2 protein chains.
Amino acid sequence: MLFEEERKRSIVQFVEQRTRASVQELSLQLGVSESTIRRDLKELEEARLLKRTHGGAVSLQSVNFEAAFPDKADRLLDEKQRIAAKAVQMIQEGDAILLDGGTTTLQIARALKSFSNLKVITNSIMALNELKDCRNIEVSITGGMLRPDTMAFVGPMTERSLEMVRVDKAFLGTNGLDLQEGITTPNMLEAATKRKMIAVAKQSILLADHSKIGQVSFCKVADLNEIDHCILDSAVQGSFTRGLEAMDVGFTIV
Amino acid sequence: MLFEEERKRSIVQFVEQRTRASVQELSLQLGVSESTIRRDLKELEEARLLKRTHGGAVSLQSVNFEAAFPDKADRLLDEKQRIAAKAVQMIQEGDAILLDGGTTTLQIARALKSFSNLKVITNSIMALNELKDCRNIEVSITGGMLRPDTMAFVGPMTERSLEMVRVDKAFLGTNGLDLQEGITTPNMLEAATKRKMIAVAKQSILLADHSKIGQVSFCKVADLNEIDHCILDSAVQGSFTRGLEAMDVGFTIV
DNA sequence: TCATTATTGATCGTTTGTGCTCATTTATGA
DNA sequence: TCATAAATGAGCACAAACGATCAATAATGA
């Protein structure tokens with residue numbers, strides 16, 4: 001008969017090895033009752049050594065690759081949705097708006113379907129995908145070269161497309177946001193595209209969760225005072241908001 | 001029998017791999033009822049791991065614009081593939097080519113992957129979808145408004161994008177092809193886009209299966225003599241080819 | 001030895017997952 | 001446009017799995 005600790009270790013080993021195990025299997029294998037196995041599994045799950053399922057358990061390793069998938073793995077999804085919700089409040093019926101690529105702006109696209117009269121221009125193929133079935137929203141997309149990681153179009157053709165339009169509001173995402181260095185992104189073409197977006201919008205609204213603040217990326221898009229409004233989540237530092245106030249940049253915290 | 005977790009992961013994997021899956025397929029593959037698959041799909045959609053459709057699900061990892069109708073439904077697929085194969089023969093390494101929307105030009109995109117140095121510009125999101133993973137092909141897309149039935153971009157923004165480029169060869173599809181009326185399509189914006197394509201290409205190549213010949217649609221794109229070459233299938237009438245000869249338009253029958 | 005505590009196994013009411021049916025909705029083709 | 005077929009979702013029933021509880025057993029210390 002094994003001691004409790006030994007048994008638990010065996011369970012983890014068994015699950016790791018076969019990536020999965022049922023309660024029955026384990027009960028039989030280790031010569032203890034199913035109740036005991038369930039108790040063990042419960043504790044092992046709390047100790048994050050495996051993941052329980054109905055009927056047994058699976059190894060964490062197999063679960064982890066789920067993190068490779070978009071959105072669900074996005075720990076800041078909740079913040080992004082709140083930011084997007086606030087952004088949507090700023091939109092009025094009849095507006096022409098510009099949606100940048102990125103996951104935060106994608107949340108805006110998702111929330112846009114209830115409008116009945118809207119023109120949307122975007123360089124994000126994900127946003128297009130969300131909106132293409134909406135009869136009451138006129139969706140245009142900029143051309144350009146596809147950046148596979150962001151699923152957004154960038155480059156000279158994108159800028160040329162943007163030159164054709166004037167919009168009421170542009171909603172921009174970013175990688176870095178810093179009081180001194182302003183708005184930065186890792187890609188040169190992307191930076192140029194964002195710059196052009198700011199240029200063709202009457203009002204530029206920057207969306208950023210707290211993970212972006214203080215970050216500085218390779219390419220500068222613009223200084224913070226070129227932006228009309230920022231929407232930030234509540235985890236932002238007071239020093240940053242004071243800086244924004246000093247620069248006279250409007251902001252909303254959600 | 002798989003646990004619920006494992007099954008869901010399998011579904012996501014399956015959908016990711018094949019970009020789409022039907023409820024039936026999944027039910028059969030995983031050995032559970034269609035009800036269960038539907039329940040799973042519902043939850044997976046809520047978790048944003050895939051997108052449900054009527055009859056199944058599609059991956060949202062990438063650009064998943066489903067074809068207006070599947071290949072199988074295309075009764076002239078064989079002709080179109082032969083026409084596309086001939087078109088590909090006309091392309092040389094290093095060329096910059098322009099691909100129009102439509103199912104025939106889509107077949108060209110599929111056959112293009114073997115080239116190692118090519119620039120492709122297209123207004124077809126289906127073509128983009130085909131080519132986006134090819135490292136050795138630089139793909140750009142024109143902007144514009146999406147026409148849902150052809151999954152191609154049209155409109156002023158498309159034309160503006162096209163103005164930026166000069167290509168060696170443009171491959172155009174059409175709805176109607178007539179000796180007197182020339183090339184015609186049912187949509188005004190589409191016609192304008194095609195005209196612009198002809199304008200920016202050194203050489204314009206028209207692709208048409210025999211079902212298009214003699215058809216006259218609402219909007220004129222161009223006269224036949226503005227085209228440099230036609231690729232037709234073997235079911236074309238002799239009277240038509242004699243007409244082409246008389247107009248001094250080159251053509252190939254496949 | 002006895003009392004105490006921890007661990008285990010058995011019981012049982014509850015929850016969960018699954019498949020089936022059927023009315024409703026949705027696509028598709030005439 | 002309407003008719004038809006397919007797909008869907010809600011509801012129900014059944015079985016498996018679960019968790020709470022309690023009794024039995026084993027380990028521990030006085």
# chains A, B, ... in the order shown; residues from 1 in each chain; ligands from 1
$ closest_atom_pairs --of "stretch 65-168 of chain A" --to "stretch 187-207 of chain A" --cutoff "8 Å" --atoms "only C-alpha atoms" --output "CSV"
residue,atom,partner,partner_atom,distance
A:Ile83,CA,A:Leu207,CA,6.9
A:Ala84,CA,A:Leu207,CA,7.9
A:Leu98,CA,A:Met197,CA,7.6
A:Asp100,CA,A:Lys194,CA,7.6
A:Thr104,CA,A:Leu207,CA,7.2
A:Thr105,CA,A:Leu207,CA,7.8
A:Val154,CA,A:Glu190,CA,5.7
A:Gly155,CA,A:Leu189,CA,5.3
A:Thr158,CA,A:Thr193,CA,6.8
A:Glu159,CA,A:Thr193,CA,5.9
A:Leu162,CA,A:Met197,CA,6.9
A:Glu163,CA,A:Val200,CA,7.0
A:Val165,CA,A:Val200,CA,6.7
A:Arg166,CA,A:Val200,CA,5.1
A:Val167,CA,A:Ala201,CA,4.9
A:Asp168,CA,A:Lys202,CA,5.1
$ interface_residues --of "chain A" --to "chain D" --cutoff "12 Å" --atoms "only C-alpha atoms (C1' of nucleotides)" --output "list in words"
Ser22, Val23, Gln24, Glu34, Ser35, Thr36, Ile37, Arg38, Arg39, Lys42, Thr53, His54, Gly55 and Gly56 of chain A
$ write_last_selection --atoms "N, CA and C atoms" --output "PDB file, in the first residue's frame"
ATOM      1  N   SER A  22      -8.628   8.334 -16.413  1.00  0.00           N
ATOM      2  CA  SER A  22      -9.967   8.377 -15.840  1.00  0.00           C
ATOM      3  C   SER A  22      -9.890   7.992 -14.371  1.00  0.00           C
ATOM      4  N   VAL A  23     -10.889   8.371 -13.627  1.00  0.00           N
ATOM      5  CA  VAL A  23     -10.942   8.042 -12.211  1.00  0.00           C
ATOM      6  C   VAL A  23     -10.905   6.526 -12.033  1.00  0.00           C
ATOM      7  N   GLN A  24     -11.678   5.850 -12.837  1.00  0.00           N
ATOM      8  CA  GLN A  24     -11.736   4.381 -12.791  1.00  0.00           C
ATOM      9  C   GLN A  24     -10.358   3.764 -12.963  1.00  0.00           C
ATOM     10  N   GLU A  34     -12.529   5.001  -5.681  1.00  0.00           N
ATOM     11  CA  GLU A  34     -12.701   6.166  -6.547  1.00  0.00           C
ATOM     12  C   GLU A  34     -12.831   7.443  -5.731  1.00  0.00           C
ATOM     13  N   SER A  35     -13.440   7.325  -4.562  1.00  0.00           N
ATOM     14  CA  SER A  35     -13.547   8.495  -3.678  1.00  0.00           C
ATOM     15  C   SER A  35     -12.174   9.082  -3.407  1.00  0.00           C
ATOM     16  N   THR A  36     -11.264   8.209  -3.072  1.00  0.00           N
ATOM     17  CA  THR A  36      -9.906   8.647  -2.758  1.00  0.00           C
ATOM     18  C   THR A  36      -9.264   9.334  -3.957  1.00  0.00           C
ATOM     19  N   ILE A  37      -9.429   8.710  -5.096  1.00  0.00           N
ATOM     20  CA  ILE A  37      -8.867   9.296  -6.311  1.00  0.00           C
ATOM     21  C   ILE A  37      -9.441  10.685  -6.521  1.00  0.00           C
ATOM     22  N   ARG A  38     -10.729  10.829  -6.345  1.00  0.00           N
ATOM     23  CA  ARG A  38     -11.354  12.139  -6.541  1.00  0.00           C
ATOM     24  C   ARG A  38     -10.778  13.168  -5.570  1.00  0.00           C
ATOM     25  N   ARG A  39     -10.629  12.732  -4.324  1.00  0.00           N
ATOM     26  CA  ARG A  39     -10.037  13.634  -3.331  1.00  0.00           C
ATOM     27  C   ARG A  39      -8.637  14.057  -3.782  1.00  0.00           C
ATOM     28  N   LYS A  42      -8.671  16.458  -6.711  1.00  0.00           N
ATOM     29  CA  LYS A  42      -9.076  17.788  -6.285  1.00  0.00           C
ATOM     30  C   LYS A  42      -7.866  18.559  -5.749  1.00  0.00           C
ATOM     31  N   THR A  53     -11.168  16.867 -15.135  1.00  0.00           N
ATOM     32  CA  THR A  53     -12.273  16.917 -16.087  1.00  0.00           C
ATOM     33  C   THR A  53     -13.365  16.027 -15.524  1.00  0.00           C
ATOM     34  N   HIS A  54     -14.518  16.076 -16.130  1.00  0.00           N
ATOM     35  CA  HIS A  54     -15.583  15.174 -15.721  1.00  0.00           C
ATOM     36  C   HIS A  54     -15.142  13.775 -16.118  1.00  0.00           C
ATOM     37  N   GLY A  55     -14.915  12.909 -15.128  1.00  0.00           N
ATOM     38  CA  GLY A  55     -14.522  11.534 -15.431  1.00  0.00           C
ATOM     39  C   GLY A  55     -13.061  11.242 -15.211  1.00  0.00           C
ATOM     40  N   GLY A  56     -12.270  12.259 -14.955  1.00  0.00           N
ATOM     41  CA  GLY A  56     -10.845  12.005 -14.770  1.00  0.00           C
ATOM     42  C   GLY A  56     -10.040  13.281 -14.738  1.00  0.00           C
TER      43      GLY A  56
END
$ calpha_fit_rmsd --fixed "chain A" --moving "chain B"
10.9 Å
$ atom_distance --atom1 "atom CA of B:Cys134" --atom2 "atom CA of B:Gly173"
23.3 Å
$ closest_atom_pairs --of "chain C" --to "chain B" --cutoff "12 Å" --atoms "only C-alpha atoms (C1' of nucleotides)" --output "Markdown table"
| residue | atom | partner | partner_atom | distance |
| --- | --- | --- | --- | --- |
| C:DT16 | C1' | B:Glu4 | CA | 11.1 |
| C:DG17 | C1' | B:Glu4 | CA | 8.4 |
| C:DT18 | C1' | B:Thr36 | CA | 6.9 |
| C:DG19 | C1' | B:Ser33 | CA | 6.5 |
| C:DC20 | C1' | B:Ser35 | CA | 9.2 |
| C:DT21 | C1' | B:Ser35 | CA | 11.6 |
| C:DT25 | C1' | B:His54 | CA | 10.9 |
| C:DT26 | C1' | B:His54 | CA | 7.9 |
| C:DA27 | C1' | B:His54 | CA | 8.4 |
| C:DT28 | C1' | B:Phe69 | CA | 11.6 |
$ write_last_selection --atoms "C-alpha atoms (C1' of nucleotides)" --output "compact mmCIF listing (two decimals), in the first residue's frame"
# COMPACT_ATOMS: atom_id res chain seq x y z
C1' DT C 16 -23.33 16.88 -15.11
C1' DG C 17 -22.91 15.13 -19.63
C1' DT C 18 -25.08 12.92 -23.33
C1' DG C 19 -28.41 11.40 -26.81
C1' DC C 20 -33.05 11.58 -28.52
C1' DT C 21 -37.27 13.88 -30.11
C1' DT C 25 -35.43 28.45 -37.91
C1' DT C 26 -32.41 28.74 -41.75
C1' DA C 27 -30.58 27.85 -46.28
C1' DT C 28 -31.39 26.54 -51.00
$ interface_residues --of "chain A" --to "chain B" --cutoff "8 Å" --atoms "only C-alpha atoms" --output "list in words"
Thr53, His54, Gly55, Gly56, Glu66, Phe69, Pro70, Asp71, Lys72, Ile125, Met126, Asn129, Lys132, Glu138, Val139, Ser140, Ile141, Thr142, Gly143, Gly144, Met145, Leu146, Pro148, Met151, Met157, Thr158, Arg160, Ser161 and Met164 of chain A
$ select_by_dssp --residues "stretch 95-225 of chain A" --states "alpha helix (DSSP H)" --output "ChimeraX atom specification"
/A:103-111,125-131,156-163,188-200
$ select_by_dssp --residues "stretch 105-179 of chain A" --states "strand (DSSP E or B)" --output "list of chain:residue names"
A:Leu118, A:Lys119, A:Val120, A:Ile121, A:Thr122, A:Ser124, A:Ile137, A:Glu138, A:Val139, A:Ser140, A:Ile141, A:Gly144, A:Met145, A:Leu146, A:Arg147, A:Ala152, A:Phe153, A:Val154, A:Val167, A:Asp168, A:Lys169, A:Ala170, A:Phe171, A:Leu172, A:Gly176, A:Leu177, A:Asp178
$ write_last_selection --atoms "N, CA and C atoms" --output "PDB file, in the first residue's frame"
ATOM      1  N   LEU A 118     -23.664  53.912 -40.017  1.00  0.00           N
ATOM      2  CA  LEU A 118     -22.268  54.094 -39.661  1.00  0.00           C
ATOM      3  C   LEU A 118     -21.411  53.766 -40.873  1.00  0.00           C
ATOM      4  N   LYS A 119     -20.365  54.552 -41.039  1.00  0.00           N
ATOM      5  CA  LYS A 119     -19.354  54.192 -42.037  1.00  0.00           C
ATOM      6  C   LYS A 119     -18.096  53.795 -41.279  1.00  0.00           C
ATOM      7  N   VAL A 120     -17.564  52.660 -41.607  1.00  0.00           N
ATOM      8  CA  VAL A 120     -16.365  52.189 -40.922  1.00  0.00           C
ATOM      9  C   VAL A 120     -15.266  51.933 -41.942  1.00  0.00           C
ATOM     10  N   ILE A 121     -14.099  52.444 -41.663  1.00  0.00           N
ATOM     11  CA  ILE A 121     -12.931  52.112 -42.480  1.00  0.00           C
ATOM     12  C   ILE A 121     -11.902  51.479 -41.563  1.00  0.00           C
ATOM     13  N   THR A 122     -11.322  50.400 -41.997  1.00  0.00           N
ATOM     14  CA  THR A 122     -10.357  49.714 -41.143  1.00  0.00           C
ATOM     15  C   THR A 122      -9.240  49.119 -41.977  1.00  0.00           C
ATOM     16  N   SER A 124      -7.904  46.372 -40.614  1.00  0.00           N
ATOM     17  CA  SER A 124      -7.842  45.078 -39.937  1.00  0.00           C
ATOM     18  C   SER A 124      -8.799  44.097 -40.596  1.00  0.00           C
ATOM     19  N   ILE A 137     -24.080  48.877 -41.752  1.00  0.00           N
ATOM     20  CA  ILE A 137     -22.780  49.492 -41.595  1.00  0.00           C
ATOM     21  C   ILE A 137     -22.018  49.350 -42.905  1.00  0.00           C
ATOM     22  N   GLU A 138     -21.562  50.481 -43.412  1.00  0.00           N
ATOM     23  CA  GLU A 138     -20.810  50.454 -44.664  1.00  0.00           C
ATOM     24  C   GLU A 138     -19.340  50.272 -44.300  1.00  0.00           C
ATOM     25  N   VAL A 139     -18.812  49.146 -44.665  1.00  0.00           N
ATOM     26  CA  VAL A 139     -17.433  48.837 -44.278  1.00  0.00           C
ATOM     27  C   VAL A 139     -16.513  48.946 -45.481  1.00  0.00           C
ATOM     28  N   SER A 140     -15.447  49.713 -45.322  1.00  0.00           N
ATOM     29  CA  SER A 140     -14.402  49.740 -46.338  1.00  0.00           C
ATOM     30  C   SER A 140     -13.109  49.287 -45.691  1.00  0.00           C
ATOM     31  N   ILE A 141     -12.241  48.772 -46.517  1.00  0.00           N
ATOM     32  CA  ILE A 141     -10.952  48.372 -45.980  1.00  0.00           C
ATOM     33  C   ILE A 141      -9.860  49.059 -46.781  1.00  0.00           C
ATOM     34  N   GLY A 144      -3.078  47.266 -49.067  1.00  0.00           N
ATOM     35  CA  GLY A 144      -1.741  47.188 -48.524  1.00  0.00           C
ATOM     36  C   GLY A 144      -1.218  45.780 -48.404  1.00  0.00           C
ATOM     37  N   MET A 145      -0.153  45.650 -47.659  1.00  0.00           N
ATOM     38  CA  MET A 145       0.434  44.339 -47.433  1.00  0.00           C
ATOM     39  C   MET A 145      -0.011  43.823 -46.080  1.00  0.00           C
ATOM     40  N   LEU A 146      -0.282  42.520 -46.037  1.00  0.00           N
ATOM     41  CA  LEU A 146      -0.796  41.931 -44.803  1.00  0.00           C
ATOM     42  C   LEU A 146       0.342  41.649 -43.827  1.00  0.00           C
ATOM     43  N   ARG A 147       0.222  42.181 -42.623  1.00  0.00           N
ATOM     44  CA  ARG A 147       1.150  41.778 -41.550  1.00  0.00           C
ATOM     45  C   ARG A 147       0.540  40.574 -40.867  1.00  0.00           C
ATOM     46  N   ALA A 152      -3.348  42.826 -40.041  1.00  0.00           N
ATOM     47  CA  ALA A 152      -3.732  44.163 -40.480  1.00  0.00           C
ATOM     48  C   ALA A 152      -2.900  44.549 -41.698  1.00  0.00           C
ATOM     49  N   PHE A 153      -3.460  45.416 -42.520  1.00  0.00           N
ATOM     50  CA  PHE A 153      -2.742  45.882 -43.703  1.00  0.00           C
ATOM     51  C   PHE A 153      -1.926  47.116 -43.365  1.00  0.00           C
ATOM     52  N   VAL A 154      -0.720  47.146 -43.869  1.00  0.00           N
ATOM     53  CA  VAL A 154       0.146  48.299 -43.667  1.00  0.00           C
ATOM     54  C   VAL A 154       0.877  48.607 -44.968  1.00  0.00           C
ATOM     55  N   VAL A 167     -12.356  61.111 -41.620  1.00  0.00           N
ATOM     56  CA  VAL A 167     -13.290  60.472 -40.681  1.00  0.00           C
ATOM     57  C   VAL A 167     -13.479  61.345 -39.447  1.00  0.00           C
ATOM     58  N   ASP A 168     -14.603  61.087 -38.758  1.00  0.00           N
ATOM     59  CA  ASP A 168     -14.887  61.838 -37.541  1.00  0.00           C
ATOM     60  C   ASP A 168     -13.975  61.397 -36.406  1.00  0.00           C
ATOM     61  N   LYS A 169     -13.832  60.095 -36.271  1.00  0.00           N
ATOM     62  CA  LYS A 169     -13.032  59.587 -35.157  1.00  0.00           C
ATOM     63  C   LYS A 169     -12.177  58.406 -35.601  1.00  0.00           C
ATOM     64  N   ALA A 170     -10.928  58.421 -35.164  1.00  0.00           N
ATOM     65  CA  ALA A 170     -10.056  57.269 -35.398  1.00  0.00           C
ATOM     66  C   ALA A 170      -9.761  56.604 -34.067  1.00  0.00           C
ATOM     67  N   PHE A 171      -9.920  55.295 -34.011  1.00  0.00           N
ATOM     68  CA  PHE A 171      -9.612  54.555 -32.786  1.00  0.00           C
ATOM     69  C   PHE A 171      -8.330  53.761 -33.016  1.00  0.00           C
ATOM     70  N   LEU A 172      -7.316  54.108 -32.245  1.00  0.00           N
ATOM     71  CA  LEU A 172      -5.996  53.543 -32.472  1.00  0.00           C
ATOM     72  C   LEU A 172      -5.547  52.663 -31.321  1.00  0.00           C
ATOM     73  N   GLY A 176       3.324  50.652 -27.322  1.00  0.00           N
ATOM     74  CA  GLY A 176       3.955  51.369 -26.223  1.00  0.00           C
ATOM     75  C   GLY A 176       3.344  52.749 -26.050  1.00  0.00           C
ATOM     76  N   LEU A 177       3.334  53.197 -24.813  1.00  0.00           N
ATOM     77  CA  LEU A 177       2.717  54.486 -24.487  1.00  0.00           C
ATOM     78  C   LEU A 177       3.515  55.056 -23.322  1.00  0.00           C
ATOM     79  N   ASP A 178       4.205  56.143 -23.605  1.00  0.00           N
ATOM     80  CA  ASP A 178       5.124  56.674 -22.595  1.00  0.00           C
ATOM     81  C   ASP A 178       5.050  58.196 -22.609  1.00  0.00           C
TER      82      ASP A 178
END
$ atom_distance --atom1 "atom CA of B:Lys51" --atom2 "atom CA of A:Phe115"
22.1 Å
